[in-house]
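Here the structure is laid out as structure tokens; the discussion comes afterwards.
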Amino acid sequence: MSLFARALCRYSAPFRLSTLYSRHRASTRFSTRQVSTRSTPHTDSAIRYVRNIGIIAHVDAGKTTTTEQMLYNCGALRHAGNVDNGDTVTDFLPMERQRGITIQSAAITFNWPPKERLNQDSQPHVINVIDTPGHVDFRFEVERCMPVLDGAVCVIDGVEGVEAHTERVWSSAQEFKVPRIVFVNKLDRDGASFKKSVQDVGLKLNGMPLVCQIPLWNKDTIRGVVDVVSRSVVSWAGTKDTPEELSRTRLEGTIKDETERAREILIEQLCEKDDQLLELWTAQGKNLPEAAIRAAIRRIINDGEGSLIPIFAGSSLKNIGVASLLDAVTDYLPSPLDRPELEVRVGRTHKSLSHAFQAHQTPGKHQRHGEALASVFKVANDARRGMLTFVRVYHGTLKKNTPMWNANLQQFERPLNMLQISAAQTIEIPHLSPGQIGAITGLKTARTGDTLLTFGSSKAAQTELATIQVRPPEIPPAVAFIVLDAYSPTGAKTLEAALESLSREDPSLRWSKDEKSEQYTLSGMGKLHLEVARDRLENHYKVEAYWGAISVDYKECLIVPTAPRRMVFDKVVAGKPGKAACSVVIEPLEDHHRDTLSGSYLERDGNIVQIEFLREDMVSNIETTRQQLTNGVISALARGPRRSSPMHKCLVTVTYDAAIDFFGPTTGAHLVGAANSAVKSALKEANQQRTVGILEPVMHVTIVCPEVTAGAVQHDLQSVRGGHVLEVKDMQETTAREGGPIDASDIYAPPDPYEFQATLRESRKGRLRMLEITARVPLVEMLDYDTHLRGKTQGRHTLMMALETFERVTGLREKGL
């Protein structure tokens with residue numbers, strides 16, 4: 001029985017169309033358009049007309065080019081920049097323009113659409129776009145922006161289809177339930193296939209493709225884009241896609257028939273998910289109004305589950321389909337009001353944001369006005385304005401020159417100014433409204449993941465509200481490092497300040513100093529990550545230093561638990577005598593420990609620290625004492641006893657018995673020293689007993705290469721590099737993955753123009769059969785593997801790596817280390 005037959009059985013009573021329309025009008029408006037000025041000034045737009053979106057994709061899929069064309073179409077640019085020419089707005093760092101890749105996420109604000117496309121009496125849309133990196137070394141840069149997004153546009157290459165990093169960022173968006181649409185880009189290139197791209201989306205992204213647009217071909221060259229919902233041409237090559245220009249193009253013949261077929265399938269897919277549209281279909285039939293279909297699409301994707309994936313088509317380089325993509329952003333992606341309410345942590349409990357503010361209002365007093373809450377998702381160093389702190393406002397209006405309470409650091413900071421950012425261009429604004437994204441200058445200590453509040457005065461609320469936190473990011477462990485040495489003592493101070501600023505910009509970069517050798521170690525997420533960090537230090541911060549080679553960041557671990565170790569710290573610190581003590585037990589961290597841990601504990605850099613007080617009534621300030629003991633443990637774990645590498649996978653339990661460990665009032669430095677000494681002593685004893693092992697990073701490697709070289713690559717990975725090949729598959733296969741939720745036969749994809757010709761375009765263009773090899777390989781064997789692969793594949797390959805785990809090194813390789 002078809003869907004429509006089931007619908008007739010299910011809904012026999014007639015449905016009042018006016019009722020459905022009134023619901024749609026109350027909840028959503030469409031095709032709202034407004035003037036976008038070139039300077040992008042701040043306006044107090046209603047929250048429902050704000051769109052906070054991210055551009056996510058695999059490297060070289062065309063994210064930055066798409067963003068440039070968005071700026072051009074809205075009138076913010078006279079000419080769209082080109083990545084190959086190095087003149088793009090969002091890739092404003094010199095190294096980004098040199099390498100042709102995005103390194104830092106760049107925030108842009110503009111209005112859509114321009115004046116000539118604006119409907120009369122329409123309210124403007126303010127679109128905040130974040131162009132994110134596509135290289136896996138900068139995955140943290142992508143994932144720390146993900147929680148602040150209300151929607152995302154996933155750009156895929158029409159030639160390559162869904163690639164490895166696309167799947168990773170898609171899963172990150174899935175984790176945060178971010179509504180997404182897909183833009184199939186580069187359909188002007190030789191070998192592009194819209195049909196294969198649609199099938200890839202269904203089979204690799206685990207959602208049913210919802211074809212909302214169809215490419216309009218002239219032989220095998222894309223000429224425009226047809227919108228399935230409106231049955232009209234919405235983009236045409238060589239025009240500005242204004243309604244007057246597009247109205248001249250009519251649908252005829254095969255493309256008209258295919259559009260009708262696509263519209264019927266789209267309605268059927270929507271009716272399976274949306275009861276409101278199904279009821280309307282039973283009352284009116286298949287010829288449904290555009291507004292009802294668009295409302296259904298918006299309702300379905302708003303949950304962020306990705307069960308249906310709207311797909312759009314075009315070529316950003318040729319400016320085909322970009323204007324209609326912006327229309328889709330305003331039509332389908334949600335405003336901040338449409339998203340589920342933010343959940344925050346207050347003290348040790350999680351609750352909704354509104355409940356957190358209502359629960360901590362002081363009864364009997366006038367409510368303070370101007371209370372606001374914002375989350376820091378990025379910190380960047382601007383050459384002219386200093387540190388820029390990027391924030392997303394979740395509650396209230398954030399005004400400039402108002403003292404801001406940092407809930408993580410428990411201190412006030414006073415901002416100097418407030419800005420809206422168009423990559424390297426800045427526009428001063430008086431405040432940020434709810435749901436908006438902007439930047440603040442003058443904050444001295446705020447880092448990524450901090451939560452900022454304003455109380456209308458310079459005093460923090462004397463309630464748990466002062467501890468409120470908005471989902472801080474999880475920083476992955478470093479896998480590579482580089483050693484550097486300053487030229488002079490004066491240069492050392494400059495270097496330390498630059499390293500501190502750099503690690504504040506990017507928390508996945510860590511640095512430390514060896515007090516004996518006075519050398520500095522900078523750790524990061526991969527070779528390219530550290531190369532970019534070095535370039536920033538040398539060219540932006542003007543640091544002069546001796547640089548070593550990039551090496552693998554090994555870790556140390558315990559093989560067996562240590563015996564309890566008590567240390568008494570009795571020294572003069574900063575001219576102040578004091579005495580403190582504590583006991584420490586260190587054991588290997590297993591998965592089951594997280595299920596059995598009770599009370600307060602801290603997890604950092606792969607280790608867990610918990611503090612136990614035996615006589616809490618004798619401790620004057622438990623939280624301060626806990627923090628000081630924790631700091632001592634963390635500093636001791638930074639350098640292991642065997643190779644001076646960081647400790648990893650350790651569970652440290654510190655016991656503080658005030659009856660024997662308290663010797664009178666003392667400074668916090670003595671408590672830090674006691675915990676530090678106890679941990680170092682326990683690790684030193686474990687090393688003497690040979691119970692300290694070495695861990696190395698093992699990478700999940702994905703290589704796409706021609707079939708003729710795949711055998712040699714597999715042999716090299718397994719026999720020479722010590723890796724293990726997990727899977728080899730044909731990139732052109734369209735069969736469903738084993739156990740996958742989507743069946744390839746259920747996916748509708750319009751045919752490509754060459755599909756029924758005797759000579760397929762792939763053969764004419766000489767396209768190679770490509771295989772995808774998935775393997776697990778130690779990072780030490782992969783640092784320069786991309787260069788090695790070029791000799792085997794003549795440059796026709798892609799290589800993606802991501803940290804999978806840390807594994808213990810044994811046998812001859814351990815002796816070699």
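Just so we're on the same page: first chain in the structure tokens is A, next is B, and so on; residues restart at 1 for each chain, and ligands are numbered from 1 in the order they show up.
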I'd like the contact shell of Val159 in chain A - 10 Å cut-off, only C-alpha atoms, skipping same-chain residues fewer than 2 positions apart - returned as an mmCIF file with C-alpha atoms, in the first residue's frame.
data_model
loop_
_atom_site.group_PDB
_atom_site.id
_atom_site.type_symbol
_atom_site.label_atom_id
_atom_site.label_comp_id
_atom_site.auth_asym_id
_atom_site.auth_seq_id
_atom_site.Cartn_x
_atom_site.Cartn_y
_atom_site.Cartn_z
ATOM 1 C CA ALA A 61 35.167 21.358 -1.005
ATOM 2 C CA ILE A 156 30.399 18.702 -0.587
ATOM 3 C CA ASP A 157 32.440 18.393 -3.770
ATOM 4 C CA GLY A 161 31.133 13.248 -3.093
ATOM 5 C CA VAL A 162 31.090 12.813 0.688
ATOM 6 C CA VAL A 184 26.508 20.049 -3.698
ATOM 7 C CA ASN A 185 29.227 22.340 -5.053
ATOM 8 C CA LYS A 186 31.581 22.288 -8.055
ATOM 9 C CA LEU A 187 29.024 20.888 -10.479
ATOM 10 C CA ASP A 188 30.805 22.880 -13.212
ATOM 11 C CA ARG A 189 33.872 20.622 -12.981
ATOM 12 C CA ASP A 190 34.652 17.708 -15.269
ATOM 13 C CA GLY A 191 33.445 14.445 -13.746
ATOM 14 C CA ALA A 192 30.879 16.084 -11.439
ATOM 15 C CA SER A 193 27.823 13.947 -10.667
ATOM 16 C CA PHE A 194 24.832 15.304 -8.760
ATOM 17 C CA LYS A 196 26.337 10.187 -7.134
ATOM 18 C CA SER A 197 26.616 13.020 -4.594
#
* List the neighbours of range 688-701 of chain A out to 6 Å using only C-alpha atoms; skip same-chain residues closer than 5 positions along the sequence, and give me the result as a PyMOL selection string. => chain A and resi 554-559+774-779+800-809
Selection above as a file: N, CA, C and O atoms, as a JSON list (two decimals), in the first residue's frame:
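Ended up saving to out.json:
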[["chain", "number", "residue", "atom", "x", "y", "z"],
["A", 554, "TYR", "N", 54.91, 11.41, 22.73],
["A", 554, "TYR", "CA", 54.65, 10.19, 23.49],
["A", 554, "TYR", "C", 54.14, 10.54, 24.88],
["A", 554, "TYR", "O", 54.36, 11.64, 25.40],
["A", 555, "LYS", "N", 53.45, 9.61, 25.49],
["A", 555, "LYS", "CA", 52.96, 9.76, 26.86],
["A", 555, "LYS", "C", 53.55, 8.64, 27.72],
["A", 555, "LYS", "O", 54.07, 7.64, 27.21],
["A", 556, "GLU", "N", 53.46, 8.83, 29.03],
["A", 556, "GLU", "CA", 53.86, 7.77, 29.96],
["A", 556, "GLU", "C", 52.64, 7.34, 30.76],
["A", 556, "GLU", "O", 51.70, 8.11, 30.97],
["A", 557, "CYS", "N", 52.65, 6.09, 31.20],
["A", 557, "CYS", "CA", 51.50, 5.56, 31.94],
["A", 557, "CYS", "C", 51.99, 4.61, 33.02],
["A", 557, "CYS", "O", 53.13, 4.12, 32.98],
["A", 558, "LEU", "N", 51.13, 4.35, 33.98],
["A", 558, "LEU", "CA", 51.42, 3.35, 35.01],
["A", 558, "LEU", "C", 50.90, 1.99, 34.57],
["A", 558, "LEU", "O", 49.82, 1.90, 33.98],
["A", 559, "ILE", "N", 51.68, 0.96, 34.86],
["A", 559, "ILE", "CA", 51.25, -0.40, 34.54],
["A", 559, "ILE", "C", 50.50, -1.02, 35.71],
["A", 559, "ILE", "O", 49.52, -1.75, 35.53],
["A", 774, "THR", "N", 41.24, 2.24, 4.67],
["A", 774, "THR", "CA", 41.13, 2.66, 6.07],
["A", 774, "THR", "C", 42.08, 1.79, 6.91],
["A", 774, "THR", "O", 42.07, 0.56, 6.78],
["A", 775, "ALA", "N", 42.89, 2.43, 7.76],
["A", 775, "ALA", "CA", 43.91, 1.68, 8.52],
["A", 775, "ALA", "C", 44.16, 2.35, 9.86],
["A", 775, "ALA", "O", 43.76, 3.51, 10.09],
["A", 776, "ARG", "N", 44.80, 1.59, 10.75],
["A", 776, "ARG", "CA", 45.30, 2.11, 12.03],
["A", 776, "ARG", "C", 46.82, 2.05, 11.98],
["A", 776, "ARG", "O", 47.40, 0.98, 11.80],
["A", 777, "VAL", "N", 47.46, 3.21, 12.16],
["A", 777, "VAL", "CA", 48.92, 3.29, 12.01],
["A", 777, "VAL", "C", 49.49, 4.19, 13.09],
["A", 777, "VAL", "O", 48.91, 5.24, 13.39],
["A", 778, "PRO", "N", 50.65, 3.82, 13.70],
["A", 778, "PRO", "CA", 51.31, 4.72, 14.66],
["A", 778, "PRO", "C", 51.67, 6.06, 14.00],
["A", 778, "PRO", "O", 52.13, 6.10, 12.86],
["A", 779, "LEU", "N", 51.46, 7.15, 14.72],
["A", 779, "LEU", "CA", 51.71, 8.48, 14.16],
["A", 779, "LEU", "C", 53.16, 8.67, 13.76],
["A", 779, "LEU", "O", 53.45, 9.37, 12.79],
["A", 800, "MET", "N", 43.84, 11.52, 5.13],
["A", 800, "MET", "CA", 43.21, 12.09, 6.32],
["A", 800, "MET", "C", 43.59, 11.26, 7.53],
["A", 800, "MET", "O", 43.59, 10.03, 7.47],
["A", 801, "MET", "N", 43.95, 11.95, 8.61],
["A", 801, "MET", "CA", 44.31, 11.25, 9.85],
["A", 801, "MET", "C", 43.58, 11.90, 11.03],
["A", 801, "MET", "O", 43.39, 13.10, 11.06],
["A", 802, "ALA", "N", 43.20, 11.07, 11.98],
["A", 802, "ALA", "CA", 42.60, 11.56, 13.22],
["A", 802, "ALA", "C", 43.04, 10.64, 14.35],
["A", 802, "ALA", "O", 43.20, 9.42, 14.15],
["A", 803, "LEU", "N", 43.28, 11.21, 15.52],
["A", 803, "LEU", "CA", 43.71, 10.41, 16.66],
["A", 803, "LEU", "C", 42.63, 9.42, 17.04],
["A", 803, "LEU", "O", 41.47, 9.79, 17.25],
["A", 804, "GLU", "N", 43.01, 8.14, 17.13],
["A", 804, "GLU", "CA", 42.07, 7.11, 17.56],
["A", 804, "GLU", "C", 42.27, 6.76, 19.03],
["A", 804, "GLU", "O", 41.32, 6.70, 19.80],
["A", 805, "THR", "N", 43.51, 6.53, 19.43],
["A", 805, "THR", "CA", 43.78, 6.18, 20.82],
["A", 805, "THR", "C", 45.28, 6.27, 21.08],
["A", 805, "THR", "O", 46.08, 6.53, 20.17],
["A", 806, "PHE", "N", 45.66, 6.09, 22.34],
["A", 806, "PHE", "CA", 47.06, 5.93, 22.71],
["A", 806, "PHE", "C", 47.27, 4.47, 23.11],
["A", 806, "PHE", "O", 46.51, 3.93, 23.92],
["A", 807, "GLU", "N", 48.27, 3.83, 22.54],
["A", 807, "GLU", "CA", 48.56, 2.42, 22.83],
["A", 807, "GLU", "C", 49.98, 2.29, 23.38],
["A", 807, "GLU", "O", 50.88, 3.05, 23.01],
["A", 808, "ARG", "N", 50.14, 1.27, 24.21],
["A", 808, "ARG", "CA", 51.44, 1.07, 24.84],
["A", 808, "ARG", "C", 52.45, 0.52, 23.84],
["A", 808, "ARG", "O", 52.14, -0.35, 23.02],
["A", 809, "VAL", "N", 53.67, 1.05, 23.91],
["A", 809, "VAL", "CA", 54.77, 0.60, 23.05],
["A", 809, "VAL", "C", 55.49, -0.53, 23.76],
["A", 809, "VAL", "O", 55.84, -0.41, 24.94]]
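Distance check against Val393 in chain A using only C-alpha atoms: of A:Leu409, A:Ala581, A:Leu149, A:Val725, the minimum falls on A:Leu149.
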* Counting only C-alpha atoms, which of A:Lys378, A:Asp227, A:Cys145, A:Pro706 gets nearest to Gln794 in chain A? -> A:Pro706
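Nearest residue to Ile127 in chain A among A:Phe183, A:Tyr72, A:Tyr49, A:Trp236 is A:Tyr49, counting only C-alpha atoms.
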* To one decimal place, how far is CA of Asp746 in chain A from CA of Gly314 in chain A in Å? ->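 Atom-to-atom, CA of Asp746 in chain A to CA of Gly314 in chain A, that is 23.9 Å.
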* Determine which residues of range 625-708 of chain A receive a DSSP assignment of helix (DSSP H, G or I), computed from the backbone, and state them as an NGL selection string. => :A and (625-637 or 658-661 or 668-688 or 707-708)
* Coordinates-based distance that separates CA of His165 in chain A from CA of Ile53 in chain A (Å, one decimal) -> 18.7 Å
* **Contacts of Ser512 in chain A within 8 Å, only C-alpha atoms, excl. fewer than 4 positions in-chain, as number ranges by chain** => A: 520-522
Output C-alpha atoms for every residue in that selection, as a compact mmCIF listing (two decimals), in the first residue's frame.
# COMPACT_ATOMS: atom_id res chain seq x y z
CA TYR A 520 60.22 25.39 25.57
CA THR A 521 57.98 22.61 24.28
CA LEU A 522 54.94 23.42 22.11
* To do: Using only C-alpha atoms, find the one residue out of A:Val780, A:Ala374, A:Val329, A:Leu210 that sits nearest to Met70 in chain A.
  => A:Val329
Give one line per residue of range 660-748 of chain A that approaches range 634-646 of chain A to at most 8 Å, naming the two atoms of the closest pair and their distance in Å to one decimal, counting only C-alpha atoms; sort by chain then ascending residue number and deliver it as a tab-separated table.
residue	atom	partner	partner_atom	distance
A:Asn676	CA	A:Ala636	CA	5.2
A:Ser677	CA	A:Ala636	CA	7.6
A:Val679	CA	A:Ala636	CA	6.2
A:Lys680	CA	A:Ala636	CA	5.9
A:Leu683	CA	A:Pro641	CA	6.3
A:Lys684	CA	A:Pro641	CA	5.7
A:Asn687	CA	A:Pro641	CA	6.4
A:Val692	CA	A:Arg642	CA	7.2
Output file for the selection above: N, CA, C and O atoms, as a PDB file, in the first residue's frame:
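Output contents, as saved in out-v1.pdb:
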ATOM      1  N   ASN A 676      52.342  18.077  44.809  1.00  0.00           N
ATOM      2  CA  ASN A 676      53.318  17.909  43.734  1.00  0.00           C
ATOM      3  C   ASN A 676      54.435  16.946  44.146  1.00  0.00           C
ATOM      4  O   ASN A 676      54.795  16.031  43.393  1.00  0.00           O
ATOM      5  N   SER A 677      54.943  17.112  45.337  1.00  0.00           N
ATOM      6  CA  SER A 677      56.028  16.252  45.823  1.00  0.00           C
ATOM      7  C   SER A 677      55.562  14.813  45.995  1.00  0.00           C
ATOM      8  O   SER A 677      56.297  13.872  45.682  1.00  0.00           O
ATOM      9  N   VAL A 679      53.117  13.190  44.383  1.00  0.00           N
ATOM     10  CA  VAL A 679      52.926  12.548  43.079  1.00  0.00           C
ATOM     11  C   VAL A 679      54.266  12.232  42.431  1.00  0.00           C
ATOM     12  O   VAL A 679      54.487  11.124  41.910  1.00  0.00           O
ATOM     13  N   LYS A 680      55.197  13.190  42.462  1.00  0.00           N
ATOM     14  CA  LYS A 680      56.516  12.957  41.853  1.00  0.00           C
ATOM     15  C   LYS A 680      57.256  11.816  42.543  1.00  0.00           C
ATOM     16  O   LYS A 680      57.911  10.995  41.898  1.00  0.00           O
ATOM     17  N   LEU A 683      55.691   8.490  41.455  1.00  0.00           N
ATOM     18  CA  LEU A 683      56.068   8.143  40.085  1.00  0.00           C
ATOM     19  C   LEU A 683      57.532   7.730  39.994  1.00  0.00           C
ATOM     20  O   LEU A 683      57.883   6.810  39.235  1.00  0.00           O
ATOM     21  N   LYS A 684      58.385   8.385  40.761  1.00  0.00           N
ATOM     22  CA  LYS A 684      59.804   8.030  40.753  1.00  0.00           C
ATOM     23  C   LYS A 684      60.021   6.609  41.263  1.00  0.00           C
ATOM     24  O   LYS A 684      60.786   5.827  40.692  1.00  0.00           O
ATOM     25  N   ASN A 687      58.919   4.137  38.634  1.00  0.00           N
ATOM     26  CA  ASN A 687      59.906   4.004  37.552  1.00  0.00           C
ATOM     27  C   ASN A 687      61.073   3.120  37.982  1.00  0.00           C
ATOM     28  O   ASN A 687      61.598   2.334  37.174  1.00  0.00           O
ATOM     29  N   VAL A 692      56.467   1.804  34.806  1.00  0.00           N
ATOM     30  CA  VAL A 692      56.035   2.947  33.998  1.00  0.00           C
ATOM     31  C   VAL A 692      56.209   2.588  32.524  1.00  0.00           C
ATOM     32  O   VAL A 692      57.319   2.239  32.091  1.00  0.00           O
TER      33      VAL A 692
END
